[in-house]
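K.L.:
Quick one: this structure, given as structure tokens, is what I'll be asking you about.
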Amino acid sequence: DAEYYQKKAEDLHERERDIKAARGEILDRNGKVLATNRTVCTISVIHSQIREAETVIDNLSELLEMNSSEVRKRVEKISSIERIKSNVDKKTGDKIRNLGMAGVKVDEDFKRFYPYDALASKVLGFTGADNQGIIGLEVKYDKYLKGVDGKILTTTDARGIELDGVAEDRKEPVAGNTLKISLDYNMQKYAMQMAEKVRQEKQAEKTAILLMNPQNGEIYAMVNVPEFNLNRPFELNTEEESDENMTDEQKQDALNQMWRNGCINDTYEPGSTFKIITASAGLEEGVVRLTDQFQCPGYKMVEDRRIRCHKVGGHGTENFVQGIQNSCNPVFIELGLRIGVDRFCDYFHKFGLMNLTGVDIPGEAGTIMHKKENIGQVELATISFGQSFQITPIQLVTTVSSLINGGTRVVPHFGVSVQNAEGETRKTFSYDETEGTVSTATSKTLCDLLEHVVSEGTGKKAAIEGFSIGGKTATSQTLPRSDHKYIASFLGFAPAEDPQVIGLIVIDNPQGVYYGGTVAAPVMKEIFENALPYLGIGKTVTEQMQQEEIAAGSR
């Protein structure tokens, strides 16, 4: 059995230590580093090589700021190698190395570092002690980012003392690849500031903002405030909530809530922003023309149910264009009833509402919709103006994108490409597209209608002089209705005639005035005022603007 015993002898004489690989960086669309690494040290002891145990225990306890009894337990443990502490800053590691204590090993490795702390925390995600992705893009693209750890192999004598004459074997680590994403640092930072500002001003529970290119699904910004510090992901971000009195289970639940990406993981009743989808189905089905006349006395009777309009006195006589400008519930109830349950359900599937969007952040929630057999006239009426069912913000933005971009359903995404350490592109991600969601004629009509909502209707507070903005306001109530909690939202896009950016803001339980047109639309206006020139979208010179310029020149 020579071979067997030779292998056993080698195992006894060899000591193996890992060298962590540098994890690949995450870059924004312009190459700005959003996630990188810092050099840290792992401190270990080899029991058989320690000469002055008390000195080792005292020094390590002091420098590592650890309880001496805990250090003693590990130093005195008879094992081939015992880890004392990992993720020790390099300065401390160098101090320990310079003491030259026999049996103490200082190995350098890497710790994930996020230069902007809370920026895009629920998008980027973070890593665990072994540098593996835990949530967000860090876990989704872990196989590209993680790299391959290296090893240090040393040979010892029977007493475990390293042999001087035998060279140390070293297998170098291979660094992970760099991930380039579509997120734009500047747009993300500005959207985050605006979300935080409105959350504080309105004392809202949370605020989400999503900015995307409706033509290809690239996500420019995804904000969910309150965000959390990526460099301290296990610290709760709520000032009033102390974890000292929490059980482990309560603390974990609180952390899970803190890490949730509301744009993707949570559903809500979209309210009147869903009228965009109802209008598209009605136009596509041919059951409504822009000149059709409707009556709104402030409510509509459906079977035995009186369903109210937001305008108590009603809008009176109005055509379909005015109905969408006024966000009139009776108009959309009538439209839903004209389409009918069977065809409306067909459009849910055709528009992609009943499937996941396929966004590259784990944990996407699906649409919560009535089963077809349970949809009566009353349910159909409430669905038509965006209540009694729930969708995610990412689903709403993705579905509306296909309705305004000419009829192509895109996959919302962050991942753009993977690059090696030399900056060479190793992989470019591609995403499926589904054409024919609606006809180009319906898409153009819808864009025109939604431009009128902003220029003349409930979305006026999102209007920007010189830019054609399309959009839709919404105010929905959360369950249970008895709590009287509301969600104010606004979905907008620009330019209306050829959308290059679509944005959604969702404000959860704002205090005081809670209407989407009053609370949410002005925030999107401010974001667009900065984002449109930044994206290279110029003003549209109108006849009125030319006349004003001529008048100003003559003065």
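In the structure tokens, chains take the letters A, B, ... in the order shown, each chain's residues start at 1, and ligands count up from 1 in the order shown.
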Find the residues near Lys105 of chain A: any atom within 9 Å, counting only C-alpha atoms, skip ones fewer than 2 places away on the same chain, and give them as a PyMOL selection string.

P.N.:
chain A and resi 42-46+96-97+101-103+107

K.L.:
Do a neighbour search on Leu396 of chain A at 12 Å with only C-alpha atoms, toss out local chain neighbours closer than 2 positions, and write the hits as a ChimeraX atom specification.

P.N.:
/A:210,212,214,263-264,267-277,348,351-357,366-367,386,390-394,398-403,409,412,472,489-492,502-506

K.L.:
Can you measure atom CA of Ala421 of chain A to atom CA of Met222 of chain A for me? One decimal in Å is fine.

P.N.:
27.5 Å

K.L.:
Could you go through segment 333-443 of chain A and tell me which residues DSSP, when run on the backbone, assigns to strand (DSSP E), listing them as a ChimeraX atom specification?

P.N.:
/A:408-409,415-419,425-428,434-435

K.L.:
So which residues touch Cys328 of chain A within 9 Å, counting only C-alpha atoms, skipping near sequence neighbours fewer than 5 positions away, as a ChimeraX atom specification?

P.N.:
/A:296,298,309-311,314-315,322-323,333,385

K.L.:
Segment 14-111 of chain A: which residues are alpha helix (DSSP H) by DSSP, as a PyMOL selection string?

P.N.:
chain A and resi 53-63+68-75+90-98

K.L.:
Name the residues in contact with Arg343 of chain A at a cut-off of 12 Å, using only C-alpha atoms, excluding same-chain residues fewer than 2 positions from it; report them as JSON, numbers by chain.

P.N.:
{"A": [278, 281, 282, 284, 285, 286, 287, 335, 336, 337, 338, 339, 340, 341, 345, 346, 347, 348, 349, 350, 372, 380]}

K.L.:
Restrict the selected residues to N, CA, C and O atoms and save them as a PDB file, in the first residue's frame.

P.N.:
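Heads up, here's the output in part33.pdb:
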ATOM      1  N   THR A 278     -55.849  50.321 -20.267  1.00  0.00           N
ATOM      2  CA  THR A 278     -57.257  50.190 -20.671  1.00  0.00           C
ATOM      3  C   THR A 278     -57.510  50.937 -21.974  1.00  0.00           C
ATOM      4  O   THR A 278     -58.181  50.432 -22.884  1.00  0.00           O
ATOM      5  N   ALA A 281     -56.077  49.001 -24.929  1.00  0.00           N
ATOM      6  CA  ALA A 281     -56.913  47.841 -25.284  1.00  0.00           C
ATOM      7  C   ALA A 281     -58.165  48.307 -26.020  1.00  0.00           C
ATOM      8  O   ALA A 281     -58.578  47.695 -27.021  1.00  0.00           O
ATOM      9  N   GLY A 282     -58.772  49.409 -25.561  1.00  0.00           N
ATOM     10  CA  GLY A 282     -59.980  49.938 -26.197  1.00  0.00           C
ATOM     11  C   GLY A 282     -59.728  50.414 -27.613  1.00  0.00           C
ATOM     12  O   GLY A 282     -60.517  50.142 -28.526  1.00  0.00           O
ATOM     13  N   GLU A 284     -57.184  49.493 -29.565  1.00  0.00           N
ATOM     14  CA  GLU A 284     -56.765  48.337 -30.362  1.00  0.00           C
ATOM     15  C   GLU A 284     -57.974  47.478 -30.752  1.00  0.00           C
ATOM     16  O   GLU A 284     -58.049  46.941 -31.856  1.00  0.00           O
ATOM     17  N   GLU A 285     -58.925  47.375 -29.822  1.00  0.00           N
ATOM     18  CA  GLU A 285     -60.121  46.555 -30.056  1.00  0.00           C
ATOM     19  C   GLU A 285     -61.142  47.291 -30.939  1.00  0.00           C
ATOM     20  O   GLU A 285     -62.079  46.678 -31.455  1.00  0.00           O
ATOM     21  N   GLY A 286     -60.959  48.609 -31.108  1.00  0.00           N
ATOM     22  CA  GLY A 286     -61.866  49.388 -31.951  1.00  0.00           C
ATOM     23  C   GLY A 286     -63.197  49.693 -31.293  1.00  0.00           C
ATOM     24  O   GLY A 286     -64.199  49.946 -31.982  1.00  0.00           O
ATOM     25  N   VAL A 287     -63.259  49.681 -29.958  1.00  0.00           N
ATOM     26  CA  VAL A 287     -64.538  49.935 -29.267  1.00  0.00           C
ATOM     27  C   VAL A 287     -64.680  51.394 -28.857  1.00  0.00           C
ATOM     28  O   VAL A 287     -65.677  51.788 -28.260  1.00  0.00           O
ATOM     29  N   LEU A 335     -65.479  51.992 -20.943  1.00  0.00           N
ATOM     30  CA  LEU A 335     -64.541  51.396 -21.894  1.00  0.00           C
ATOM     31  C   LEU A 335     -64.284  49.923 -21.547  1.00  0.00           C
ATOM     32  O   LEU A 335     -64.300  49.053 -22.427  1.00  0.00           O
ATOM     33  N   GLY A 336     -64.060  49.644 -20.264  1.00  0.00           N
ATOM     34  CA  GLY A 336     -63.841  48.264 -19.816  1.00  0.00           C
ATOM     35  C   GLY A 336     -65.028  47.374 -20.127  1.00  0.00           C
ATOM     36  O   GLY A 336     -64.875  46.229 -20.594  1.00  0.00           O
ATOM     37  N   LEU A 337     -66.248  47.899 -19.914  1.00  0.00           N
ATOM     38  CA  LEU A 337     -67.458  47.118 -20.178  1.00  0.00           C
ATOM     39  C   LEU A 337     -67.627  46.861 -21.671  1.00  0.00           C
ATOM     40  O   LEU A 337     -68.097  45.802 -22.075  1.00  0.00           O
ATOM     41  N   ARG A 338     -67.227  47.847 -22.490  1.00  0.00           N
ATOM     42  CA  ARG A 338     -67.310  47.654 -23.948  1.00  0.00           C
ATOM     43  C   ARG A 338     -66.346  46.549 -24.414  1.00  0.00           C
ATOM     44  O   ARG A 338     -66.672  45.774 -25.317  1.00  0.00           O
ATOM     45  N   ILE A 339     -65.155  46.527 -23.824  1.00  0.00           N
ATOM     46  CA  ILE A 339     -64.162  45.502 -24.214  1.00  0.00           C
ATOM     47  C   ILE A 339     -64.651  44.118 -23.795  1.00  0.00           C
ATOM     48  O   ILE A 339     -64.521  43.146 -24.538  1.00  0.00           O
ATOM     49  N   GLY A 340     -65.188  44.042 -22.566  1.00  0.00           N
ATOM     50  CA  GLY A 340     -65.699  42.761 -22.055  1.00  0.00           C
ATOM     51  C   GLY A 340     -64.616  41.934 -21.380  1.00  0.00           C
ATOM     52  O   GLY A 340     -63.420  42.121 -21.640  1.00  0.00           O
ATOM     53  N   VAL A 341     -65.050  41.029 -20.520  1.00  0.00           N
ATOM     54  CA  VAL A 341     -64.123  40.240 -19.693  1.00  0.00           C
ATOM     55  C   VAL A 341     -63.170  39.413 -20.561  1.00  0.00           C
ATOM     56  O   VAL A 341     -61.947  39.453 -20.366  1.00  0.00           O
ATOM     57  N   CYS A 345     -59.110  40.169 -20.717  1.00  0.00           N
ATOM     58  CA  CYS A 345     -58.151  39.164 -20.225  1.00  0.00           C
ATOM     59  C   CYS A 345     -57.158  38.779 -21.323  1.00  0.00           C
ATOM     60  O   CYS A 345     -55.978  38.556 -21.046  1.00  0.00           O
ATOM     61  N   ASP A 346     -57.659  38.711 -22.565  1.00  0.00           N
ATOM     62  CA  ASP A 346     -56.749  38.422 -23.691  1.00  0.00           C
ATOM     63  C   ASP A 346     -55.667  39.500 -23.792  1.00  0.00           C
ATOM     64  O   ASP A 346     -54.496  39.198 -24.053  1.00  0.00           O
ATOM     65  N   TYR A 347     -56.066  40.760 -23.602  1.00  0.00           N
ATOM     66  CA  TYR A 347     -55.099  41.864 -23.695  1.00  0.00           C
ATOM     67  C   TYR A 347     -54.092  41.836 -22.546  1.00  0.00           C
ATOM     68  O   TYR A 347     -52.930  42.205 -22.727  1.00  0.00           O
ATOM     69  N   PHE A 348     -54.534  41.397 -21.358  1.00  0.00           N
ATOM     70  CA  PHE A 348     -53.576  41.260 -20.244  1.00  0.00           C
ATOM     71  C   PHE A 348     -52.426  40.357 -20.682  1.00  0.00           C
ATOM     72  O   PHE A 348     -51.258  40.639 -20.415  1.00  0.00           O
ATOM     73  N   HIS A 349     -52.772  39.259 -21.343  1.00  0.00           N
ATOM     74  CA  HIS A 349     -51.744  38.307 -21.793  1.00  0.00           C
ATOM     75  C   HIS A 349     -50.947  38.876 -22.971  1.00  0.00           C
ATOM     76  O   HIS A 349     -49.725  38.770 -23.008  1.00  0.00           O
ATOM     77  N   LYS A 350     -51.655  39.481 -23.915  1.00  0.00           N
ATOM     78  CA  LYS A 350     -50.990  40.042 -25.091  1.00  0.00           C
ATOM     79  C   LYS A 350     -49.989  41.128 -24.700  1.00  0.00           C
ATOM     80  O   LYS A 350     -48.895  41.224 -25.256  1.00  0.00           O
ATOM     81  N   LYS A 372     -60.015  34.643 -14.306  1.00  0.00           N
ATOM     82  CA  LYS A 372     -60.983  35.058 -15.329  1.00  0.00           C
ATOM     83  C   LYS A 372     -62.420  34.705 -14.931  1.00  0.00           C
ATOM     84  O   LYS A 372     -63.341  35.519 -15.086  1.00  0.00           O
ATOM     85  N   LEU A 380     -64.672  43.925 -13.414  1.00  0.00           N
ATOM     86  CA  LEU A 380     -64.206  44.474 -14.686  1.00  0.00           C
ATOM     87  C   LEU A 380     -64.149  46.002 -14.622  1.00  0.00           C
ATOM     88  O   LEU A 380     -63.191  46.629 -15.090  1.00  0.00           O
TER      89      LEU A 380
END

K.L.:
Have a look at atom CA of Ala365 of chain A and atom CA of Asp266 of chain A and let me know their distance in Å, one decimal.

P.N.:
6.3 Å
